[in-house]
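*Asks:* I'd like to ask you about the structure that follows.
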Amino acid sequence: MNGPIFEALKRTLKAKGLTYRTLAERMGVSEPTVKRIFHERNCKLDRLMDICAAAEVELENVLGSMSRGPGPANHVAPEIERRLAARPALLFVFIMLTEKFTPEGIMRSQGLSEASMFLYLRDLEELGLVALGRGLSARLLVETPIQWDFEGPLKPHFETTNKNFIGWAIGHMERQATFVSFSRRMRPETAEMVRREAEDLAERARLLAHHDQHTTPEDQLVGYKWTFAFGATPFPAIMPIGPHPRDAGAKAAKEKRALPA
């Protein structure tokens, strides 16, 4: 068995959060044995089947994902970002396509007609972002994942989208969403450790999603959103307090500053 298979297996283990020790326990062998197999990248077919069974993944799915690991982030041209910014609905259709939604899936989730979906796809084709096929089939012409310019023309749309999502999550915490928000004082070194752990969790979520998208029928997939913000709290910007209404000294100083020179 050659290297690409074991690289695909490593991605699967990482996506599932499985260690060599856990894999060894499930297979009934020692951890050094599993490490040796992955180091040598060679084993008999029945042993490979045992590894897949312990990892709870089908061998054909591992073989199919050998060349489909998530690659580096790509960008779209600034002019395309500006044109998408002028048409938020078209932007959102494109984002859903890059998230592996099929046109039919977008129609179902958004309640669109077939005519509307076709027109959106045609507009994206004119921008050079997709190539239309027969019916509603469309092939992305931009490699995913895409790294958008969050300081560019799309910034207001991303801010609104995330604000809307947070508002929705707060209202659906009991059944459909998780929302956690708190402020704590800590050392910068502790904050950096927390940030790295959150990024590791986000990467694992991306790997799991990538694996699911290549091993699960489209109609069994559900779109989930991850929004995470962490940083030194800008209290005056997000929780402004200002002088007490009965603070006469502060009020007089404010009025003095307002007088013309």
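Here, A, B, ... name the chains of the structure tokens in the order displayed, residue numbers run from 1 inside each chain, and ligands are numbered from 1 in the same displayed order.
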Go through stretch 130-204 of chain A and collect every residue that DSSP, computed from the backbone, puts in alpha helix (DSSP H); the answer should be as a count of residues only.
*Replies:* 34
*Asks:* Using DSSP on the backbone coordinates, identify the residues of stretch 73-244 of chain A assigned to strand (DSSP E or B); present them as a list in words.
*Replies:*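 Listing strand (DSSP E or B) positions across stretch 73-244 of chain A yields Asn74, Val130, Ala131, Leu132, Ala138, Arg139, Leu140 and Ile146 of chain A.
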*Asks:* Neighbours of A:Val130 within 8 Å (only C-alpha atoms; same-chain residues fewer than 3 positions away dropped), as a list in words?
*Replies:*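 Once the adjacent positions are removed, what remains is Leu121, Leu124, Glu125, Leu127, Ala138, Arg139, Leu140, Leu141 and Val142 of chain A.
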*Asks:* Skipping near chain neighbours, those fewer than 6 positions away, what residues fall within 12 Å of A:Ala55 using only C-alpha atoms, listed as a list in words?
*Replies:* Leu9, Lys10, Arg11, Thr12, Leu13, Lys14, Ala15, Lys16, Gly17, Leu18, Thr19, Tyr20, Arg21, Thr22, Leu23, Ala24, Glu25, Arg26, Met27, Leu48, Met49, Asn61 and Val62 of chain A
*Asks:* Would you mind listing what lies within 12 Å of stretch 143-149 of chain A as number ranges by chain, with only C-alpha atoms counted and same-chain residues fewer than 2 positions away left out?
*Replies:* A: 68-82, 84-85, 91, 94-100, 129-130, 139-141, 151-158, 206-207, 210
*Asks:* Produce a file of the selected residues containing C-alpha atoms, as a PDB file, in the first residue's frame.
*Replies:*
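To be explicit, this is the file written out as part.pdb:
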```pdb
ATOM      1  CA  ARG A  68      -9.398  15.579  -2.443  1.00  0.00           C
ATOM      2  CA  GLY A  69      -7.868  16.916   0.710  1.00  0.00           C
ATOM      3  CA  PRO A  70      -8.652  20.572   1.447  1.00  0.00           C
ATOM      4  CA  GLY A  71      -6.093  22.742  -0.284  1.00  0.00           C
ATOM      5  CA  PRO A  72      -4.807  26.241   0.447  1.00  0.00           C
ATOM      6  CA  ALA A  73      -7.228  29.150   0.420  1.00  0.00           C
ATOM      7  CA  ASN A  74      -7.764  30.965  -2.862  1.00  0.00           C
ATOM      8  CA  HIS A  75      -8.962  34.472  -3.718  1.00  0.00           C
ATOM      9  CA  VAL A  76     -11.259  36.034  -6.267  1.00  0.00           C
ATOM     10  CA  ALA A  77     -10.348  39.214  -8.116  1.00  0.00           C
ATOM     11  CA  PRO A  78     -11.117  42.530  -6.341  1.00  0.00           C
ATOM     12  CA  GLU A  79     -13.359  43.589  -9.250  1.00  0.00           C
ATOM     13  CA  ILE A  80     -15.436  40.405  -8.802  1.00  0.00           C
ATOM     14  CA  GLU A  81     -15.735  41.114  -5.079  1.00  0.00           C
ATOM     15  CA  ARG A  82     -16.987  44.624  -5.884  1.00  0.00           C
ATOM     16  CA  LEU A  84     -20.759  40.657  -5.828  1.00  0.00           C
ATOM     17  CA  ALA A  85     -20.964  43.320  -3.125  1.00  0.00           C
ATOM     18  CA  LEU A  91     -22.985  36.651  -3.405  1.00  0.00           C
ATOM     19  CA  PHE A  94     -22.051  31.748  -4.804  1.00  0.00           C
ATOM     20  CA  ILE A  95     -20.992  31.218  -1.168  1.00  0.00           C
ATOM     21  CA  MET A  96     -23.451  28.319  -0.846  1.00  0.00           C
ATOM     22  CA  LEU A  97     -22.061  26.778  -4.035  1.00  0.00           C
ATOM     23  CA  THR A  98     -18.526  27.027  -2.635  1.00  0.00           C
ATOM     24  CA  GLU A  99     -19.832  25.286   0.506  1.00  0.00           C
ATOM     25  CA  LYS A 100     -20.760  22.299  -1.707  1.00  0.00           C
ATOM     26  CA  LEU A 129     -17.222  32.027 -11.431  1.00  0.00           C
ATOM     27  CA  VAL A 130     -19.112  28.968 -12.698  1.00  0.00           C
ATOM     28  CA  ARG A 139     -19.148  23.644 -12.148  1.00  0.00           C
ATOM     29  CA  LEU A 140     -17.152  26.041  -9.994  1.00  0.00           C
ATOM     30  CA  LEU A 141     -14.323  27.746 -11.855  1.00  0.00           C
ATOM     31  CA  GLU A 151     -11.619  44.636   4.794  1.00  0.00           C
ATOM     32  CA  GLY A 152     -12.858  44.989   1.218  1.00  0.00           C
ATOM     33  CA  PRO A 153     -16.230  45.805  -0.371  1.00  0.00           C
ATOM     34  CA  LEU A 154     -17.860  42.665   1.067  1.00  0.00           C
ATOM     35  CA  LYS A 155     -17.177  43.676   4.675  1.00  0.00           C
ATOM     36  CA  PRO A 156     -20.688  45.136   5.360  1.00  0.00           C
ATOM     37  CA  HIS A 157     -22.329  41.936   4.090  1.00  0.00           C
ATOM     38  CA  PHE A 158     -20.169  39.674   6.264  1.00  0.00           C
ATOM     39  CA  ARG A 206     -13.470  21.899   8.493  1.00  0.00           C
ATOM     40  CA  LEU A 207     -11.810  18.498   8.046  1.00  0.00           C
ATOM     41  CA  HIS A 210     -14.734  17.970   4.070  1.00  0.00           C
TER      42      HIS A 210
END
```
*Asks:* Record the distance separating atom CA of A:Gln220 and atom CA of A:Gly133, expressed in Å with one decimal.
*Replies:* 23.9 Å
